[in-house]
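J.: The following block contains the structure, expressed as structure tokens.
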Amino acid sequence: MASSTISDKIRKQLAALPARPGVYIMRNAEGEVIYVGKAAKLKDRVRSYFGSPRGMEPKTRALREQIDDFEYIVVGNAGEALILEATLIKRHQPFFNIRLKDDKRYPYLKVDLQNPWPRVYITRRIEKDGARYFGPYASAGSVRATLDLVKKLFPWRSCTKEITGKDPRPCLDYYIKRCIAPCTAYCTKEEYDEVIDQVLLFLEGKSDDVLRRLRKQMDDAAERMEYERAAMIRDQIKAVERTIERQMISTTKKEDMDVFGLARDGDQACVQVFFVRGTQMIGRDTFMLEGTRGESDAAVLASFLEQYYEGAQYIPKLVVVPVDPAEREEIATMLTEKRGANVEVRTPERGEKRRMVEMANENAKEALDVSRVKWLADHSKTTQALEQLREELSLPEIPHRIECYDNSNIQGTSAVSSMVVFIDGKPAPNQYRRFRVKTVEGANDFATMQEILRRRFRRAAGGLGTKDSGLSDVGPSSPGPLSPAGGEGERATQSLVLGTKSSDRSSDKSSEDAWELPDLVIIDGGKGQLSAAVQVMRELGVYQIPTVGLAKRFEEIFVPDEDEPIVLPRGSEGLYLVQRIRDEAHRFAITFHRQVRAKGAVQSALDTIPGIGPKRKKALLRKFGSVKAIREAEVEEIASTVGFTRALAEKVKAQV
């Protein structure tokens, strides 16, 4: 449905919708699945997409505009709808859904118990074959690390040969104590099964049971005077104990739980999970999600839990989360049915569990930062992203310097703007600039953006279009904003002197700072913000610098004088780069805005008190640290501050 008009086909489909629970699948004009949702009543939920767009969230409105067809699947109850929705999201990876980042199946550890001589190995396919599966793991690296650890601790066979017990000699694994050689009948079937039982107990997190069984085996071997075997088991016990010591002690009470942490950055999110069994955290893993922009933390977490546990082979008694997920009761019911016993989804507010959640949140944030840094450090990816931007935006050359601008205010107060700079696809923090808005009153993003761009580019007009610059004059008949205006590579070498003193980055008075002209300007916003920006660029005679607007709702790139936006391919390196740049500008603006607000709060609380000048205010803040601490202090403490009397201290106490 490319427009807001509902087609006859959709009207007939809406009329036929049943008032039963189920899952609905939205498709665009190309037949691609763009959204999968669940509903307690399909009739009510699906119809809501085709009502008045007023009051709809931007993401829902953008989805509505793309719907060309839909289908639905009726299920028995809300729990079945939850499971089916998660399965379909993982299969189709719809653009408008929150989705686990990797399209492939996640890896598992498999113990093939249907085999007389079981092995442990990695698989991505789960079958009903009597085997035990552990996972999912977030990556092949994490599952291999677990497999290597298990192999070091327990001597199971890693070969795929048929075991007859008649081989003339064992392989090297036997001599380095990594296998007990069933191939040569050096062990009995019972002894080998005991090794596999220990593997299963360890993977389940039951390390205490493993140690208890190993100690009994060691004692039995010693009583039979099999001292070499007893020594081998002793070494194995020490290895297991060292492994347990490295695992973090998570709780004083024995628990069986998964603890989740969440961190978000723009359109991406990261979930960290701690696997706690007994009193130890036996492992952890990290999962990346896409399509989270515009969604609440509760919705992001709910979607992750549905997709994660849809394929999980083990579900603990307790699931600990940082915020209450959307449809919490339905998720708990789904997990209970899947586990076959009661599962609680809990959001702790204090105590050990809250401490673990905060630790998981911190680890999730670190993992998200590392993911961003790794991507930016990958030269091939940034080169590919820049080349894609050049091609999609019809730039004259690969953009060496990209500048992005964003505004931040709360209901028009403490308005600030930010400029971030990326050089060759990588951030250049030493060239970031912050601006206090000086001439605009109230919340007017268009006027604010125009003020900042005037201050940024007002000195460029004298250098562009002159004989020395090598760039042609700009007028009504000049090339478009994404077309070359001069010789290749010449624009990138131009500099202009802008007013930012190194001691005050929010000032724009003349200084010796020379800023290179950008090859691409990105405005955080849609058509309106872009039009306001282009108006200033034309006024200042720098219209030949390519300028685009990046809309948040659907990651659309708007180009001047073009009706239709450019939509970069989903999952492309070019889209990821512009998202990173825009999110960095937003982060930088928000950080500065908080600083300005905090400073304003201090000024407003103390500057209105008669008799409190800059020196006395400074003395108070040096002694107490904050207005809150001043408010909580006794009159005598304030009066003892240098330059204060009791009468003045009483004034301060009464007015802060």
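All residue names refer to the structure tokens as shown: chains lettered A, B, ... in order, residues numbered from 1 in each chain, ligands numbered from 1 in order.
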Quick one: residues within 10 Å of Asp69 in chain A, only C-alpha atoms counted, chain neighbours fewer than 3 positions away excluded, as a ChimeraX atom specification?
T.: /A:1,7,9-10,13,25-33,66
J.: Can those selected residues be exported to a file as a CSV table (one decimal), in the first residue's frame so that it contains C-alpha atoms?
T.:
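Output contents, as saved in part_32.csv:
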chain,number,residue,atom,x,y,z
A,1,MET,CA,0.0,0.0,0.0
A,7,SER,CA,-7.0,-1.0,-2.0
A,9,LYS,CA,-7.9,-6.3,-2.1
A,10,ILE,CA,-6.9,-5.1,1.4
A,13,GLN,CA,-8.9,-9.2,3.4
A,25,ILE,CA,2.7,-11.3,7.8
A,26,MET,CA,3.0,-7.9,6.0
A,27,ARG,CA,4.5,-7.8,2.5
A,28,ASN,CA,5.5,-4.8,0.2
A,29,ALA,CA,4.9,-4.4,-3.5
A,30,GLU,CA,7.9,-6.6,-4.3
A,31,GLY,CA,6.4,-9.4,-2.2
A,32,GLU,CA,9.1,-9.1,0.5
A,33,VAL,CA,8.1,-9.8,4.1
A,66,GLN,CA,4.9,0.1,2.5
J.: DSSP says alpha helix (DSSP H) for which residues of range 212-277 of chain A? Put them as JSON, numbers by chain?
T.: {"A": [212, 213, 214, 215, 216, 217, 218, 219, 220, 221, 222, 223, 227, 228, 229, 230, 231, 232, 233, 234, 235, 236, 237, 238, 239, 240, 241, 242, 243, 244, 245, 246]}
J.: Tell me, counting only C-alpha atoms, for each residue of range 266-302 of chain A within 12 Å of range 546-562 of chain A, which pair of atoms is nearest and how far apart they are in Å to one decimal, in rows ordered by chain and increasing number, as a tab-separated table.
T.:
residue	atom	partner	partner_atom	distance
A:Gly266	CA	A:Lys552	CA	9.4
A:Asp267	CA	A:Lys552	CA	9.3
A:Gly291	CA	A:Phe554	CA	9.9
A:Thr292	CA	A:Arg553	CA	11.1
A:Arg293	CA	A:Lys552	CA	8.0
A:Gly294	CA	A:Arg553	CA	7.7
A:Glu295	CA	A:Arg553	CA	11.1
J.: For Asp197 in chain A, list every protein, DNA or RNA residue within 12 Å, evaluated using only C-alpha atoms, and leave out those in the same chain fewer than 3 positions away; present the list as a CSV table (one decimal) with C-alpha atoms, in the first residue's frame.
T.:
chain,number,residue,atom,x,y,z
A,111,VAL,CA,26.3,-34.8,22.5
A,113,LEU,CA,23.8,-40.0,22.9
A,118,PRO,CA,29.1,-40.6,22.0
A,119,ARG,CA,31.0,-37.6,20.8
A,120,VAL,CA,30.7,-33.8,21.5
A,132,ARG,CA,21.5,-33.6,23.9
A,154,PHE,CA,37.2,-34.7,29.9
A,155,PRO,CA,38.8,-37.4,27.8
A,156,TRP,CA,36.0,-38.2,25.3
A,190,GLU,CA,30.8,-48.1,31.5
A,191,GLU,CA,34.0,-46.1,32.0
A,192,TYR,CA,33.4,-44.2,28.7
A,193,ASP,CA,29.8,-43.5,29.6
A,194,GLU,CA,31.0,-42.1,32.9
A,200,LEU,CA,26.7,-33.5,30.5
A,201,LEU,CA,26.9,-32.5,34.1
A,202,PHE,CA,29.6,-29.8,33.4
A,203,LEU,CA,27.6,-28.3,30.5
A,204,GLU,CA,24.5,-28.2,32.7
A,206,LYS,CA,26.6,-29.0,37.9
A,207,SER,CA,30.3,-28.8,38.6
A,209,ASP,CA,28.4,-33.2,41.0
A,210,VAL,CA,31.3,-33.6,38.6
A,213,ARG,CA,32.1,-38.3,41.1
A,214,LEU,CA,35.7,-37.7,40.1
J.: Quick one: residues within 12 Å of Leu606 in chain A, only C-alpha atoms, excluding same-chain residues fewer than 2 positions away - as a ChimeraX atom specification?
T.: /A:599-604,608-621,626-628,630-631,649,651-656
J.: Store the residues picked out above, limited to N, CA and C atoms, as a short mmCIF file (atom, residue, chain, number, x, y, z; two decimals), in the first residue's frame.
T.:
data_model
loop_
_atom_site.label_atom_id
_atom_site.label_comp_id
_atom_site.auth_asym_id
_atom_site.auth_seq_id
_atom_site.Cartn_x
_atom_site.Cartn_y
_atom_site.Cartn_z
N LYS A 599 24.83 23.11 34.19
CA LYS A 599 25.42 24.40 34.54
C LYS A 599 24.34 25.44 34.77
N GLY A 600 23.29 25.40 33.93
CA GLY A 600 22.18 26.33 34.09
C GLY A 600 21.45 26.13 35.39
N ALA A 601 21.33 24.85 35.80
CA ALA A 601 20.64 24.57 37.06
C ALA A 601 21.40 25.15 38.25
N VAL A 602 22.74 25.05 38.22
CA VAL A 602 23.55 25.62 39.28
C VAL A 602 23.40 27.14 39.31
N GLN A 603 23.48 27.76 38.13
CA GLN A 603 23.39 29.21 38.05
C GLN A 603 22.04 29.71 38.55
N SER A 604 20.97 29.05 38.13
CA SER A 604 19.64 29.52 38.49
C SER A 604 19.40 29.40 39.99
N THR A 608 20.42 33.88 41.88
CA THR A 608 19.27 34.74 42.23
C THR A 608 19.28 35.16 43.69
N ILE A 609 20.25 34.68 44.45
CA ILE A 609 20.30 35.01 45.88
C ILE A 609 21.07 36.32 46.07
N PRO A 610 20.46 37.34 46.66
CA PRO A 610 21.16 38.61 46.89
C PRO A 610 22.40 38.40 47.75
N GLY A 611 23.50 39.00 47.34
CA GLY A 611 24.74 38.90 48.10
C GLY A 611 25.64 37.77 47.68
N ILE A 612 25.17 36.91 46.74
CA ILE A 612 25.99 35.78 46.27
C ILE A 612 26.55 36.14 44.89
N GLY A 613 27.80 36.53 44.88
CA GLY A 613 28.47 36.84 43.63
C GLY A 613 29.29 35.66 43.15
N PRO A 614 30.05 35.83 42.07
CA PRO A 614 30.85 34.73 41.50
C PRO A 614 31.82 34.12 42.50
N LYS A 615 32.48 34.95 43.33
CA LYS A 615 33.48 34.41 44.26
C LYS A 615 32.83 33.56 45.34
N ARG A 616 31.73 34.06 45.92
CA ARG A 616 31.06 33.29 46.97
C ARG A 616 30.42 32.01 46.41
N LYS A 617 29.87 32.11 45.20
CA LYS A 617 29.30 30.92 44.58
C LYS A 617 30.40 29.86 44.34
N LYS A 618 31.55 30.33 43.87
CA LYS A 618 32.66 29.42 43.63
C LYS A 618 33.14 28.77 44.93
N ALA A 619 33.16 29.56 46.01
CA ALA A 619 33.58 29.03 47.30
C ALA A 619 32.61 27.96 47.80
N LEU A 620 31.31 28.22 47.61
CA LEU A 620 30.31 27.23 48.03
C LEU A 620 30.46 25.93 47.25
N LEU A 621 30.57 26.06 45.94
CA LEU A 621 30.64 24.86 45.11
C LEU A 621 31.94 24.10 45.33
N SER A 626 28.01 20.52 45.01
CA SER A 626 26.78 20.60 44.23
C SER A 626 25.73 21.39 45.01
N VAL A 627 24.71 21.85 44.26
CA VAL A 627 23.60 22.55 44.90
C VAL A 627 22.86 21.62 45.85
N LYS A 628 22.74 20.35 45.49
CA LYS A 628 22.05 19.39 46.35
C LYS A 628 22.75 19.28 47.71
N ILE A 630 24.61 21.55 49.08
CA ILE A 630 24.39 22.81 49.80
C ILE A 630 23.02 22.79 50.47
N ARG A 631 22.02 22.29 49.73
CA ARG A 631 20.66 22.23 50.25
C ARG A 631 20.58 21.35 51.50
N ALA A 649 24.26 32.88 55.18
CA ALA A 649 24.05 31.43 55.13
C ALA A 649 22.57 31.09 55.26
N LYS A 651 20.10 32.98 54.26
CA LYS A 651 19.49 33.31 52.97
C LYS A 651 19.69 32.16 51.97
N VAL A 652 20.92 31.65 51.94
CA VAL A 652 21.23 30.54 51.03
C VAL A 652 20.37 29.33 51.36
N LYS A 653 20.30 29.00 52.64
CA LYS A 653 19.55 27.83 53.07
C LYS A 653 18.07 27.97 52.73
N ALA A 654 17.55 29.19 52.79
CA ALA A 654 16.13 29.41 52.54
C ALA A 654 15.78 29.37 51.06
N GLN A 655 16.76 29.64 50.17
CA GLN A 655 16.43 29.82 48.76
C GLN A 655 16.95 28.73 47.83
N VAL A 656 17.84 27.87 48.29
CA VAL A 656 18.33 26.81 47.39
C VAL A 656 17.40 25.60 47.45
#
J.: Quick one: everything within 7 Å of Cys404 in chain A, counting only C-alpha atoms, minus sequence neighbours fewer than 6 positions away in the same chain. Send it as a PyMOL selection string.
T.: chain A and resi 419-421+521-523+581-582+585
J.: Filtering to C-alpha atoms, could you give me those residues as an mmCIF file, in the first residue's frame?
T.:
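Below is the file that was written, result-v5.cif:
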data_model
loop_
_atom_site.group_PDB
_atom_site.id
_atom_site.type_symbol
_atom_site.label_atom_id
_atom_site.label_comp_id
_atom_site.auth_asym_id
_atom_site.auth_seq_id
_atom_site.Cartn_x
_atom_site.Cartn_y
_atom_site.Cartn_z
ATOM 1 C CA MET A 419 29.158 18.972 14.473
ATOM 2 C CA VAL A 420 30.990 15.653 14.197
ATOM 3 C CA VAL A 421 33.624 14.897 11.597
ATOM 4 C CA VAL A 521 27.324 17.367 4.803
ATOM 5 C CA ILE A 522 24.708 15.241 6.582
ATOM 6 C CA ILE A 523 21.815 16.968 8.331
ATOM 7 C CA ILE A 581 27.835 9.172 11.872
ATOM 8 C CA ARG A 582 24.320 10.365 12.687
ATOM 9 C CA ALA A 585 26.354 13.517 16.209
#
J.: Counting only C-alpha atoms, what is within 10 Å of range 84-94 of chain A, bar same-chain residues fewer than 3 positions away, as a PyMOL selection string?
T.: chain A and resi 22-27+32-39+73+75+78-81+97-105+290-291+303-311
J.: Mind writing the picked residues with N, CA and C atoms as a compact mmCIF listing (two decimals), in the first residue's frame?
T.:
# COMPACT_ATOMS: atom_id res chain seq x y z
N GLY A 22 -3.45 -15.24 16.49
CA GLY A 22 -2.69 -15.68 15.34
C GLY A 22 -1.52 -14.77 15.06
N VAL A 23 -0.91 -15.01 13.91
CA VAL A 23 0.26 -14.25 13.45
C VAL A 23 -0.06 -13.68 12.08
N TYR A 24 0.31 -12.43 11.84
CA TYR A 24 0.07 -11.79 10.54
C TYR A 24 1.41 -11.43 9.90
N ILE A 25 1.46 -11.50 8.58
CA ILE A 25 2.68 -11.29 7.80
C ILE A 25 2.41 -10.19 6.78
N MET A 26 3.13 -9.07 6.87
CA MET A 26 2.96 -7.95 5.96
C MET A 26 4.01 -8.03 4.85
N ARG A 27 3.58 -7.75 3.61
CA ARG A 27 4.48 -7.76 2.46
C ARG A 27 4.40 -6.43 1.72
N GLU A 32 8.21 -8.85 -0.63
CA GLU A 32 9.11 -9.11 0.49
C GLU A 32 8.35 -9.01 1.81
N VAL A 33 8.70 -9.89 2.74
CA VAL A 33 8.12 -9.81 4.08
C VAL A 33 8.78 -8.65 4.81
N ILE A 34 7.99 -7.64 5.20
CA ILE A 34 8.55 -6.47 5.86
C ILE A 34 8.18 -6.39 7.34
N TYR A 35 7.19 -7.19 7.77
CA TYR A 35 6.85 -7.19 9.19
C TYR A 35 6.07 -8.45 9.54
N VAL A 36 6.37 -9.00 10.72
CA VAL A 36 5.63 -10.13 11.27
C VAL A 36 5.17 -9.73 12.66
N GLY A 37 3.88 -9.92 12.94
CA GLY A 37 3.34 -9.57 14.24
C GLY A 37 2.41 -10.64 14.77
N LYS A 38 2.08 -10.55 16.04
CA LYS A 38 1.16 -11.50 16.67
C LYS A 38 -0.02 -10.73 17.24
N ALA A 39 -1.12 -11.43 17.46
CA ALA A 39 -2.31 -10.76 17.97
C ALA A 39 -3.17 -11.74 18.74
N ILE A 73 -1.97 -16.41 9.97
CA ILE A 73 -2.02 -17.81 10.38
C ILE A 73 -2.73 -17.86 11.72
N VAL A 75 -3.76 -19.54 15.24
CA VAL A 75 -3.18 -20.52 16.17
C VAL A 75 -4.14 -20.72 17.34
N ALA A 78 -2.29 -17.51 22.69
CA ALA A 78 -1.28 -16.46 22.60
C ALA A 78 0.14 -17.03 22.69
N GLY A 79 0.32 -18.08 23.46
CA GLY A 79 1.64 -18.69 23.57
C GLY A 79 2.13 -19.26 22.25
N GLU A 80 1.24 -19.94 21.52
CA GLU A 80 1.60 -20.46 20.21
C GLU A 80 1.92 -19.33 19.24
N ALA A 81 1.16 -18.22 19.34
CA ALA A 81 1.41 -17.06 18.48
C ALA A 81 2.79 -16.49 18.74
N ASN A 97 10.90 -5.34 11.87
CA ASN A 97 10.94 -6.08 13.13
C ASN A 97 12.28 -5.88 13.83
N ILE A 98 12.28 -6.01 15.14
CA ILE A 98 13.53 -6.15 15.90
C ILE A 98 14.03 -7.57 15.64
N ARG A 99 15.28 -7.71 15.27
CA ARG A 99 15.75 -9.04 14.85
C ARG A 99 17.19 -9.28 15.29
N LEU A 100 17.47 -10.51 15.61
CA LEU A 100 18.84 -10.92 15.88
C LEU A 100 19.66 -10.69 14.64
N LYS A 101 20.88 -10.18 14.82
CA LYS A 101 21.64 -9.63 13.69
C LYS A 101 22.00 -10.66 12.64
N ASP A 102 22.40 -11.87 13.05
CA ASP A 102 22.85 -12.86 12.08
C ASP A 102 21.67 -13.63 11.51
N ASP A 103 21.65 -13.76 10.17
CA ASP A 103 20.57 -14.50 9.52
C ASP A 103 20.71 -16.01 9.72
N LYS A 104 21.93 -16.45 9.91
CA LYS A 104 22.17 -17.89 9.97
C LYS A 104 21.65 -18.47 11.28
N ARG A 105 21.57 -19.81 11.32
CA ARG A 105 21.22 -20.48 12.56
C ARG A 105 22.37 -20.34 13.56
N GLU A 290 19.21 -5.73 15.41
CA GLU A 290 19.01 -4.61 14.49
C GLU A 290 17.54 -4.22 14.48
N GLY A 291 17.27 -3.03 13.94
CA GLY A 291 15.89 -2.58 13.79
C GLY A 291 15.27 -2.12 15.09
N SER A 303 11.20 -8.91 22.27
CA SER A 303 11.46 -9.52 20.96
C SER A 303 12.69 -10.42 21.02
N PHE A 304 13.72 -9.97 21.74
CA PHE A 304 14.92 -10.80 21.87
C PHE A 304 14.61 -12.11 22.60
N LEU A 305 13.92 -12.02 23.73
CA LEU A 305 13.63 -13.22 24.51
C LEU A 305 12.83 -14.23 23.70
N GLU A 306 11.87 -13.75 22.92
CA GLU A 306 11.07 -14.65 22.09
C GLU A 306 11.95 -15.37 21.08
N GLN A 307 12.82 -14.63 20.40
CA GLN A 307 13.66 -15.23 19.37
C GLN A 307 14.75 -16.12 19.97
N TYR A 308 15.31 -15.69 21.10
CA TYR A 308 16.38 -16.45 21.71
C TYR A 308 15.89 -17.80 22.24
N TYR A 309 14.81 -17.77 23.02
CA TYR A 309 14.34 -19.01 23.63
C TYR A 309 13.55 -19.88 22.67
N GLU A 310 13.18 -19.33 21.50
CA GLU A 310 12.50 -20.16 20.50
C GLU A 310 13.37 -21.33 20.08
N GLY A 311 14.69 -21.12 20.06
CA GLY A 311 15.59 -22.19 19.65
C GLY A 311 16.41 -22.78 20.78
J.: Name the closest residue to Arg264 in chain A among the candidates A:Leu289, A:Cys171, A:Val635, A:Leu568; distances are taken between atoms, counting only C-alpha atoms.
T.: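 For Arg264 in chain A, the nearest of the given residues is A:Leu289.
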J.: Extract, using only C-alpha atoms, all DNA, RNA and protein residues at most 12 Å from Gln535 in chain A, discarding same-chain residues fewer than 3 positions from it, and format them as a list of chain:residue names.
T.: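 Listed by chain and then number, they are A:Phe446, A:Ala447, A:Met449, A:Gln450, A:Glu451, A:Leu453, A:Arg454, A:Pro481, A:Gly528, A:Gln529, A:Leu530, A:Ser531, A:Ala532, A:Arg538, A:Glu539, A:Leu540, A:Gly541, A:Val542, A:Tyr543, A:Thr547, A:Pro560, A:Asp561.
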J.: Keeping only N, CA and C atoms, write the selected residues to a file as a compact mmCIF listing (two decimals), in the first residue's frame.
T.:
# COMPACT_ATOMS: atom_id res chain seq x y z
N PHE A 446 14.55 24.16 12.58
CA PHE A 446 14.94 24.68 11.28
C PHE A 446 15.82 25.92 11.44
N ALA A 447 15.35 26.88 12.25
CA ALA A 447 16.11 28.11 12.45
C ALA A 447 17.43 27.83 13.17
N MET A 449 19.25 25.05 12.99
CA MET A 449 20.18 24.48 12.03
C MET A 449 20.74 25.56 11.11
N GLN A 450 19.90 26.51 10.72
CA GLN A 450 20.37 27.59 9.84
C GLN A 450 21.41 28.46 10.54
N GLU A 451 21.18 28.78 11.81
CA GLU A 451 22.16 29.59 12.54
C GLU A 451 23.52 28.89 12.60
N LEU A 453 24.79 26.52 10.66
CA LEU A 453 25.44 26.41 9.36
C LEU A 453 25.98 27.76 8.90
N ARG A 454 25.28 28.85 9.23
CA ARG A 454 25.82 30.18 8.90
C ARG A 454 27.14 30.42 9.63
N PRO A 481 23.57 19.95 -6.08
CA PRO A 481 24.36 19.79 -4.86
C PRO A 481 25.20 18.54 -4.82
N GLY A 528 12.29 18.86 5.77
CA GLY A 528 12.23 20.20 6.33
C GLY A 528 13.58 20.71 6.76
N GLN A 529 14.32 19.89 7.53
CA GLN A 529 15.64 20.30 7.99
C GLN A 529 16.59 20.50 6.81
N LEU A 530 16.48 19.60 5.81
CA LEU A 530 17.36 19.72 4.65
C LEU A 530 17.08 21.01 3.88
N SER A 531 15.81 21.34 3.67
CA SER A 531 15.45 22.56 2.94
C SER A 531 16.00 23.79 3.66
N ALA A 532 15.87 23.82 4.99
CA ALA A 532 16.40 24.95 5.75
C ALA A 532 17.91 25.05 5.59
N ARG A 538 22.92 28.10 -0.04
CA ARG A 538 22.76 28.95 -1.22
C ARG A 538 23.10 30.41 -0.90
N GLU A 539 22.61 30.88 0.26
CA GLU A 539 22.90 32.26 0.66
C GLU A 539 24.40 32.51 0.75
N LEU A 540 25.13 31.53 1.28
CA LEU A 540 26.56 31.71 1.53
C LEU A 540 27.42 31.34 0.33
N GLY A 541 26.80 30.85 -0.74
CA GLY A 541 27.57 30.51 -1.92
C GLY A 541 28.38 29.24 -1.79
N VAL A 542 27.93 28.31 -0.93
CA VAL A 542 28.63 27.03 -0.80
C VAL A 542 27.69 25.89 -1.20
N TYR A 543 26.80 26.20 -2.14
CA TYR A 543 25.78 25.24 -2.53
C TYR A 543 26.36 24.02 -3.23
N THR A 547 25.01 18.12 0.14
CA THR A 547 24.31 18.18 1.42
C THR A 547 23.07 17.30 1.36
N PRO A 560 18.50 17.40 -2.06
CA PRO A 560 17.84 18.62 -2.52
C PRO A 560 17.26 18.48 -3.92
N ASP A 561 16.09 19.06 -4.11
CA ASP A 561 15.42 19.13 -5.41
C ASP A 561 14.98 17.76 -5.93
J.: Nearest residue to Pro182 in chain A out of A:Val321, A:Ile163, A:Ala633, A:Ile233, using only C-alpha atoms?
T.: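 Smallest distance to Pro182 in chain A is found for A:Ile163.
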J.: So which one's closest to Glu362 in chain A, A:Phe260, A:Phe457, A:Phe134, A:Trp515? Using only C-alpha atoms, please.
T.: A:Phe260
J.: Could you give me the residues within range 194-268 of chain A that DSSP places in strand (DSSP E or B), as a VMD selection string?
T.: chain A and resid 249 255 to 265 268
J.: Keeping N, CA and C atoms for every residue in the selection just given, could you write it to a file as a PDB file, in the first residue's frame?
T.:
ATOM      1  N   ILE A 249      31.908 -15.940  41.155  1.00  0.00           N
ATOM      2  CA  ILE A 249      30.910 -16.303  42.161  1.00  0.00           C
ATOM      3  C   ILE A 249      29.791 -15.279  42.073  1.00  0.00           C
ATOM      4  N   GLU A 255      21.335 -20.956  42.504  1.00  0.00           N
ATOM      5  CA  GLU A 255      20.322 -20.483  41.572  1.00  0.00           C
ATOM      6  C   GLU A 255      20.487 -21.190  40.240  1.00  0.00           C
ATOM      7  N   ASP A 256      19.411 -21.218  39.488  1.00  0.00           N
ATOM      8  CA  ASP A 256      19.421 -21.734  38.123  1.00  0.00           C
ATOM      9  C   ASP A 256      18.744 -20.660  37.278  1.00  0.00           C
ATOM     10  N   MET A 257      19.560 -19.749  36.707  1.00  0.00           N
ATOM     11  CA  MET A 257      18.957 -18.590  36.056  1.00  0.00           C
ATOM     12  C   MET A 257      19.826 -18.072  34.916  1.00  0.00           C
ATOM     13  N   ASP A 258      19.174 -17.363  33.998  1.00  0.00           N
ATOM     14  CA  ASP A 258      19.843 -16.587  32.956  1.00  0.00           C
ATOM     15  C   ASP A 258      19.636 -15.120  33.284  1.00  0.00           C
ATOM     16  N   VAL A 259      20.726 -14.354  33.294  1.00  0.00           N
ATOM     17  CA  VAL A 259      20.671 -12.928  33.626  1.00  0.00           C
ATOM     18  C   VAL A 259      20.985 -12.128  32.365  1.00  0.00           C
ATOM     19  N   PHE A 260      20.111 -11.192  32.015  1.00  0.00           N
ATOM     20  CA  PHE A 260      20.259 -10.447  30.769  1.00  0.00           C
ATOM     21  C   PHE A 260      20.577  -8.984  31.046  1.00  0.00           C
ATOM     22  N   GLY A 261      21.432  -8.415  30.198  1.00  0.00           N
ATOM     23  CA  GLY A 261      21.715  -6.989  30.205  1.00  0.00           C
ATOM     24  C   GLY A 261      21.470  -6.429  28.821  1.00  0.00           C
ATOM     25  N   LEU A 262      21.152  -5.140  28.744  1.00  0.00           N
ATOM     26  CA  LEU A 262      20.787  -4.512  27.471  1.00  0.00           C
ATOM     27  C   LEU A 262      21.506  -3.185  27.318  1.00  0.00           C
ATOM     28  N   ALA A 263      22.042  -2.944  26.114  1.00  0.00           N
ATOM     29  CA  ALA A 263      22.618  -1.642  25.763  1.00  0.00           C
ATOM     30  C   ALA A 263      22.165  -1.302  24.350  1.00  0.00           C
ATOM     31  N   ARG A 264      21.949  -0.009  24.096  1.00  0.00           N
ATOM     32  CA  ARG A 264      21.428   0.412  22.798  1.00  0.00           C
ATOM     33  C   ARG A 264      22.235   1.575  22.244  1.00  0.00           C
ATOM     34  N   ASP A 265      22.286   1.623  20.916  1.00  0.00           N
ATOM     35  CA  ASP A 265      22.984   2.702  20.229  1.00  0.00           C
ATOM     36  C   ASP A 265      22.355   2.863  18.858  1.00  0.00           C
ATOM     37  N   GLN A 268      20.885  -0.133  16.621  1.00  0.00           N
ATOM     38  CA  GLN A 268      21.425  -1.404  17.087  1.00  0.00           C
ATOM     39  C   GLN A 268      21.237  -1.547  18.591  1.00  0.00           C
TER      40      GLN A 268
END
J.: Smallest atom-to-atom distance to Ile402 in chain A: which of A:Gln313, A:Asn77, A:Gln431, A:Gln236, using only C-alpha atoms?
T.: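 Nearest candidate to Ile402 in chain A out of A:Gln313, A:Asn77, A:Gln431, A:Gln236: A:Gln431.
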J.: Could you please determine the separation between CA of Arg456 in chain A and CA of Glu564 in chain A in Å, to one decimal place?
T.: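 One can read the CA of Arg456 in chain A to CA of Glu564 in chain A distance as 28.3 Å.
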